[in-house]
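A.B. asks: Could you have a look at this structure, given as structure tokens, before my questions?
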Amino acid sequence: MGREGHQGEVVGELLDARKAAGWSVLAALAHLGLAVVPAGSDVYDTLIAVGYPLLLPLIASVHPRHASVRRSGAILGTITGVAHGAIGIVGAIDPAARPAALVLLGMWWWTIGKMWAETAVLPRALGVVTAALGVAAFAAAALPIVFGARAGDEAAQAGHVAIALWLVAVAVPLWVRPDVPFA
């Protein structure tokens, strides 16, 4: 590949990171809506259709960063992120699937958070917070078992708020410094 081709690829990756940041903010708004709009309404269904699929540009944008430092972590981070998006849709509709969605969210956040904290492909502090959110997601998956279905509903609402805030927190460095790494 010639120098021009490489520069075009770099510019494309930087632009993709900024686009992923924008999609992340839109996904965040949808997740905030999911925390307050009644389940089963047309608006709720639309927010599901926006909030979870719009995780994909972020997942795709951070995958090359992850792969540059840890291939196995990149694969696990991508698989669990995508799986959370798919099972999250189901969990938003069927409360029986929420624990699985939360476990996948926990795996995703723990994997990428630990990687960010150790390698600075995104800010280390954000990695620590992300890994901690992963632990919280694991704990939230057990709430319905311990405290009943109502606790699961409240955990789902809190989960949507946490996802929304996290998406905005990740969007900021992707927009401000779309280059790699953050060390």
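Lettering and numbering for the structure tokens are positional, with chains as A, B, ... in the shown order, residues counted from 1 in each chain, and ligands counted from 1 in the shown order.
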Neighbours of region 24-28 of chain A within 10 Å (only C-alpha atoms; same-chain residues fewer than 5 positions away dropped), as number ranges by chain?

C.D. replies: A: 18-19, 33-34, 47-59, 160-172, 174

A.B. asks: Write a file of the selected residues as a PDB file, in the first residue's frame, keeping C-alpha atoms.

C.D. replies:
ATOM      1  CA  ARG A  18     -15.857  10.550  15.518  1.00  0.00           C
ATOM      2  CA  LYS A  19     -18.898   9.056  13.801  1.00  0.00           C
ATOM      3  CA  GLY A  33     -35.568   7.181  27.184  1.00  0.00           C
ATOM      4  CA  LEU A  34     -35.799   3.456  27.948  1.00  0.00           C
ATOM      5  CA  LEU A  47     -36.048   3.400  21.592  1.00  0.00           C
ATOM      6  CA  ILE A  48     -35.044  -0.279  21.763  1.00  0.00           C
ATOM      7  CA  ALA A  49     -34.652  -0.301  17.983  1.00  0.00           C
ATOM      8  CA  VAL A  50     -32.317   2.695  18.213  1.00  0.00           C
ATOM      9  CA  GLY A  51     -30.456   2.216  21.499  1.00  0.00           C
ATOM     10  CA  TYR A  52     -29.068  -1.265  21.045  1.00  0.00           C
ATOM     11  CA  PRO A  53     -28.111  -1.361  17.352  1.00  0.00           C
ATOM     12  CA  LEU A  54     -26.346   1.996  17.698  1.00  0.00           C
ATOM     13  CA  LEU A  55     -23.873   0.293  20.049  1.00  0.00           C
ATOM     14  CA  LEU A  56     -22.384  -1.383  16.976  1.00  0.00           C
ATOM     15  CA  PRO A  57     -20.437   1.601  15.536  1.00  0.00           C
ATOM     16  CA  LEU A  58     -18.732   2.076  18.904  1.00  0.00           C
ATOM     17  CA  ILE A  59     -17.903  -1.622  19.152  1.00  0.00           C
ATOM     18  CA  HIS A 160     -30.200   1.938  30.917  1.00  0.00           C
ATOM     19  CA  VAL A 161     -29.092   5.092  32.747  1.00  0.00           C
ATOM     20  CA  ALA A 162     -25.636   3.576  33.377  1.00  0.00           C
ATOM     21  CA  ILE A 163     -25.307   2.564  29.718  1.00  0.00           C
ATOM     22  CA  ALA A 164     -26.350   6.065  28.625  1.00  0.00           C
ATOM     23  CA  LEU A 165     -23.855   7.821  30.870  1.00  0.00           C
ATOM     24  CA  TRP A 166     -21.104   5.382  29.882  1.00  0.00           C
ATOM     25  CA  LEU A 167     -21.809   5.901  26.164  1.00  0.00           C
ATOM     26  CA  VAL A 168     -21.405   9.656  26.570  1.00  0.00           C
ATOM     27  CA  ALA A 169     -18.235   9.157  28.632  1.00  0.00           C
ATOM     28  CA  VAL A 170     -16.749   6.996  25.859  1.00  0.00           C
ATOM     29  CA  ALA A 171     -17.920   9.346  23.108  1.00  0.00           C
ATOM     30  CA  VAL A 172     -15.965  12.272  24.550  1.00  0.00           C
ATOM     31  CA  LEU A 174     -13.377   9.336  20.739  1.00  0.00           C
TER      32      LEU A 174
END

A.B. asks: Return as CSV the residues of region 54-90 of chain A lying at most 7 Å from region 94-114 of chain A, together with the closest atom-to-atom pair for each and the distance in Å to one decimal, counting only C-alpha atoms, with rows in chain order and ascending residue number.

C.D. replies:
residue,atom,partner,partner_atom,distance
A:Gly73,CA,A:Thr111,CA,6.5
A:Gly77,CA,A:Trp108,CA,5.4
A:Thr80,CA,A:Trp108,CA,5.0
A:Gly81,CA,A:Trp108,CA,5.4
A:Ala83,CA,A:Leu104,CA,6.8
A:His84,CA,A:Leu104,CA,5.2
A:Ile87,CA,A:Ala101,CA,5.3
A:Gly88,CA,A:Ala101,CA,5.1
A:Val90,CA,A:Asp94,CA,5.8

A.B. asks: Taking into account only C-alpha atoms, which residue in the set A:His31, A:Ile93, A:Arg65, A:Ala158 is nearest to Thr119 (chain A)?

C.D. replies: A:Arg65

A.B. asks: Tell me, in Å to one decimal, how far CA of Ala21 (chain A) is from CA of Asp179 (chain A).

C.D. replies: 12.9 Å

A.B. asks: Write out as an mmCIF file with C-alpha atoms, in the first residue's frame the set of residues from chain A that DSSP, computed on the backbone, places in alpha helix (DSSP H).

C.D. replies:
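Output file part02.cif is given in full below:
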data_model
loop_
_atom_site.group_PDB
_atom_site.id
_atom_site.type_symbol
_atom_site.label_atom_id
_atom_site.label_comp_id
_atom_site.auth_asym_id
_atom_site.auth_seq_id
_atom_site.Cartn_x
_atom_site.Cartn_y
_atom_site.Cartn_z
ATOM 1 C CA ARG A 3 1.727 6.288 1.470
ATOM 2 C CA GLU A 4 -1.434 7.935 0.140
ATOM 3 C CA GLY A 5 -3.443 4.777 0.789
ATOM 4 C CA HIS A 6 -2.157 4.536 4.361
ATOM 5 C CA GLN A 7 -2.939 8.204 5.055
ATOM 6 C CA GLY A 8 -6.446 7.712 3.679
ATOM 7 C CA GLU A 9 -6.927 4.713 5.963
ATOM 8 C CA VAL A 10 -5.754 6.706 9.000
ATOM 9 C CA VAL A 11 -8.038 9.621 8.131
ATOM 10 C CA GLY A 12 -10.890 7.142 7.630
ATOM 11 C CA GLU A 13 -10.280 5.564 11.068
ATOM 12 C CA LEU A 14 -10.230 8.996 12.730
ATOM 13 C CA LEU A 15 -13.471 9.948 11.010
ATOM 14 C CA ASP A 16 -15.010 6.597 11.950
ATOM 15 C CA ALA A 17 -14.088 7.193 15.598
ATOM 16 C CA ARG A 18 -15.857 10.550 15.518
ATOM 17 C CA LYS A 19 -18.898 9.056 13.801
ATOM 18 C CA ALA A 20 -18.962 6.298 16.417
ATOM 19 C CA ALA A 21 -18.926 9.009 19.096
ATOM 20 C CA GLY A 22 -21.952 10.641 17.491
ATOM 21 C CA TRP A 23 -23.840 7.349 17.221
ATOM 22 C CA SER A 24 -22.944 6.643 20.848
ATOM 23 C CA VAL A 25 -24.578 9.875 21.968
ATOM 24 C CA LEU A 26 -27.729 8.986 20.023
ATOM 25 C CA ALA A 27 -27.711 5.521 21.597
ATOM 26 C CA ALA A 28 -27.271 7.188 25.004
ATOM 27 C CA LEU A 29 -30.358 9.328 24.447
ATOM 28 C CA ALA A 30 -32.329 6.214 23.515
ATOM 29 C CA HIS A 31 -31.162 4.401 26.655
ATOM 30 C CA LEU A 32 -32.151 7.368 28.811
ATOM 31 C CA GLY A 33 -35.568 7.181 27.184
ATOM 32 C CA LEU A 34 -35.799 3.456 27.948
ATOM 33 C CA ALA A 35 -35.326 4.273 31.627
ATOM 34 C CA VAL A 36 -38.410 6.534 31.710
ATOM 35 C CA ASP A 42 -44.551 2.275 20.588
ATOM 36 C CA VAL A 43 -42.028 4.854 21.790
ATOM 37 C CA TYR A 44 -40.339 2.233 24.000
ATOM 38 C CA ASP A 45 -40.121 -0.171 21.084
ATOM 39 C CA THR A 46 -38.580 2.538 18.901
ATOM 40 C CA LEU A 47 -36.048 3.400 21.592
ATOM 41 C CA ILE A 48 -35.044 -0.279 21.763
ATOM 42 C CA ALA A 49 -34.652 -0.301 17.983
ATOM 43 C CA VAL A 50 -32.317 2.695 18.213
ATOM 44 C CA GLY A 51 -30.456 2.216 21.499
ATOM 45 C CA LEU A 56 -22.384 -1.383 16.976
ATOM 46 C CA PRO A 57 -20.437 1.601 15.536
ATOM 47 C CA LEU A 58 -18.732 2.076 18.904
ATOM 48 C CA ILE A 59 -17.903 -1.622 19.152
ATOM 49 C CA ALA A 60 -16.503 -1.597 15.606
ATOM 50 C CA SER A 61 -14.514 1.579 16.210
ATOM 51 C CA VAL A 62 -12.769 0.348 19.355
ATOM 52 C CA HIS A 63 -12.065 -3.152 18.003
ATOM 53 C CA PRO A 64 -8.907 -2.127 16.050
ATOM 54 C CA ARG A 65 -7.621 -0.268 19.133
ATOM 55 C CA HIS A 66 -8.133 -3.378 21.215
ATOM 56 C CA ALA A 67 -6.599 -5.647 18.574
ATOM 57 C CA SER A 68 -3.484 -3.468 18.505
ATOM 58 C CA VAL A 69 -2.762 -4.297 22.147
ATOM 59 C CA ARG A 71 -6.005 -9.839 20.318
ATOM 60 C CA SER A 72 -7.852 -12.198 22.676
ATOM 61 C CA GLY A 73 -9.276 -9.256 24.630
ATOM 62 C CA ALA A 74 -10.316 -7.598 21.377
ATOM 63 C CA ILE A 75 -12.198 -10.702 20.280
ATOM 64 C CA LEU A 76 -13.889 -11.177 23.653
ATOM 65 C CA GLY A 77 -14.726 -7.474 23.894
ATOM 66 C CA THR A 78 -16.266 -7.429 20.434
ATOM 67 C CA ILE A 79 -18.208 -10.674 20.866
ATOM 68 C CA THR A 80 -19.617 -9.755 24.276
ATOM 69 C CA GLY A 81 -20.466 -6.216 23.141
ATOM 70 C CA VAL A 82 -22.364 -7.473 20.115
ATOM 71 C CA ALA A 83 -24.004 -10.246 22.135
ATOM 72 C CA HIS A 84 -25.100 -7.727 24.762
ATOM 73 C CA GLY A 85 -26.632 -5.607 22.016
ATOM 74 C CA ALA A 86 -28.631 -8.568 20.681
ATOM 75 C CA ILE A 87 -29.655 -10.047 24.031
ATOM 76 C CA GLY A 88 -30.228 -6.533 25.401
ATOM 77 C CA ILE A 89 -32.970 -6.073 22.821
ATOM 78 C CA VAL A 90 -34.603 -9.292 24.012
ATOM 79 C CA GLY A 91 -34.114 -8.360 27.676
ATOM 80 C CA ALA A 92 -35.751 -4.979 27.114
ATOM 81 C CA ILE A 93 -38.846 -6.850 25.914
ATOM 82 C CA ARG A 98 -32.522 -9.477 31.512
ATOM 83 C CA PRO A 99 -30.101 -11.460 33.684
ATOM 84 C CA ALA A 100 -28.395 -12.827 30.560
ATOM 85 C CA ALA A 101 -28.183 -9.323 29.081
ATOM 86 C CA LEU A 102 -26.657 -8.038 32.323
ATOM 87 C CA VAL A 103 -24.107 -10.863 32.483
ATOM 88 C CA LEU A 104 -23.064 -10.093 28.901
ATOM 89 C CA LEU A 105 -22.877 -6.389 29.734
ATOM 90 C CA GLY A 106 -20.730 -7.260 32.745
ATOM 91 C CA MET A 107 -18.420 -9.404 30.630
ATOM 92 C CA TRP A 108 -18.152 -6.691 27.976
ATOM 93 C CA TRP A 109 -17.483 -3.856 30.393
ATOM 94 C CA TRP A 110 -15.062 -5.897 32.519
ATOM 95 C CA THR A 111 -13.092 -7.031 29.449
ATOM 96 C CA ILE A 112 -12.746 -3.655 27.761
ATOM 97 C CA GLY A 113 -12.437 -1.716 31.012
ATOM 98 C CA LYS A 114 -9.560 -3.877 32.181
ATOM 99 C CA MET A 115 -7.905 -3.530 28.770
ATOM 100 C CA TRP A 116 -8.252 0.272 28.796
ATOM 101 C CA ALA A 117 -6.924 0.520 32.342
ATOM 102 C CA GLU A 118 -3.900 -1.622 31.477
ATOM 103 C CA THR A 119 -3.077 -0.307 27.998
ATOM 104 C CA ARG A 124 -7.133 4.585 31.913
ATOM 105 C CA ALA A 125 -9.556 6.210 34.367
ATOM 106 C CA LEU A 126 -12.443 5.413 32.026
ATOM 107 C CA GLY A 127 -11.160 1.840 31.944
ATOM 108 C CA VAL A 128 -11.265 1.582 35.729
ATOM 109 C CA VAL A 129 -14.812 2.971 35.816
ATOM 110 C CA THR A 130 -15.876 0.662 32.974
ATOM 111 C CA ALA A 131 -14.472 -2.418 34.732
ATOM 112 C CA ALA A 132 -16.263 -1.379 37.943
ATOM 113 C CA LEU A 133 -19.507 -1.008 35.993
ATOM 114 C CA GLY A 134 -18.905 -4.529 34.711
ATOM 115 C CA VAL A 135 -18.803 -5.826 38.275
ATOM 116 C CA ALA A 136 -21.997 -3.878 39.044
ATOM 117 C CA ALA A 137 -23.714 -5.424 36.008
ATOM 118 C CA PHE A 138 -22.793 -8.916 37.247
ATOM 119 C CA ALA A 139 -24.275 -8.064 40.640
ATOM 120 C CA ALA A 140 -27.417 -6.599 39.059
ATOM 121 C CA ALA A 141 -27.995 -9.854 37.181
ATOM 122 C CA ALA A 142 -28.533 -11.584 40.543
ATOM 123 C CA LEU A 143 -31.008 -9.014 41.928
ATOM 124 C CA PRO A 144 -34.180 -10.751 40.676
ATOM 125 C CA ILE A 145 -33.026 -14.015 42.256
ATOM 126 C CA VAL A 146 -32.376 -12.391 45.614
ATOM 127 C CA PHE A 147 -35.044 -9.682 45.740
ATOM 128 C CA ALA A 149 -38.832 -9.486 39.783
ATOM 129 C CA ARG A 150 -39.446 -5.878 40.875
ATOM 130 C CA ALA A 151 -35.749 -5.527 41.719
ATOM 131 C CA GLY A 152 -34.954 -6.779 38.216
ATOM 132 C CA ASP A 153 -37.163 -4.073 36.699
ATOM 133 C CA GLU A 154 -35.452 -1.394 38.764
ATOM 134 C CA ALA A 155 -32.033 -2.812 37.853
ATOM 135 C CA ALA A 156 -33.001 -2.647 34.167
ATOM 136 C CA GLN A 157 -33.938 1.024 34.473
ATOM 137 C CA ALA A 158 -30.724 1.810 36.336
ATOM 138 C CA GLY A 159 -28.832 -0.205 33.732
ATOM 139 C CA HIS A 160 -30.200 1.938 30.917
ATOM 140 C CA VAL A 161 -29.092 5.092 32.747
ATOM 141 C CA ALA A 162 -25.636 3.576 33.377
ATOM 142 C CA ILE A 163 -25.307 2.564 29.718
ATOM 143 C CA ALA A 164 -26.350 6.065 28.625
ATOM 144 C CA LEU A 165 -23.855 7.821 30.870
ATOM 145 C CA TRP A 166 -21.104 5.382 29.882
ATOM 146 C CA LEU A 167 -21.809 5.901 26.164
ATOM 147 C CA VAL A 168 -21.405 9.656 26.570
ATOM 148 C CA ALA A 169 -18.235 9.157 28.632
ATOM 149 C CA VAL A 170 -16.749 6.996 25.859
ATOM 150 C CA ALA A 171 -17.920 9.346 23.108
ATOM 151 C CA VAL A 172 -15.965 12.272 24.550
ATOM 152 C CA PRO A 173 -12.441 10.859 24.095
ATOM 153 C CA LEU A 174 -13.377 9.336 20.739
ATOM 154 C CA TRP A 175 -14.485 12.761 19.544
ATOM 155 C CA VAL A 176 -11.799 14.898 21.183
#
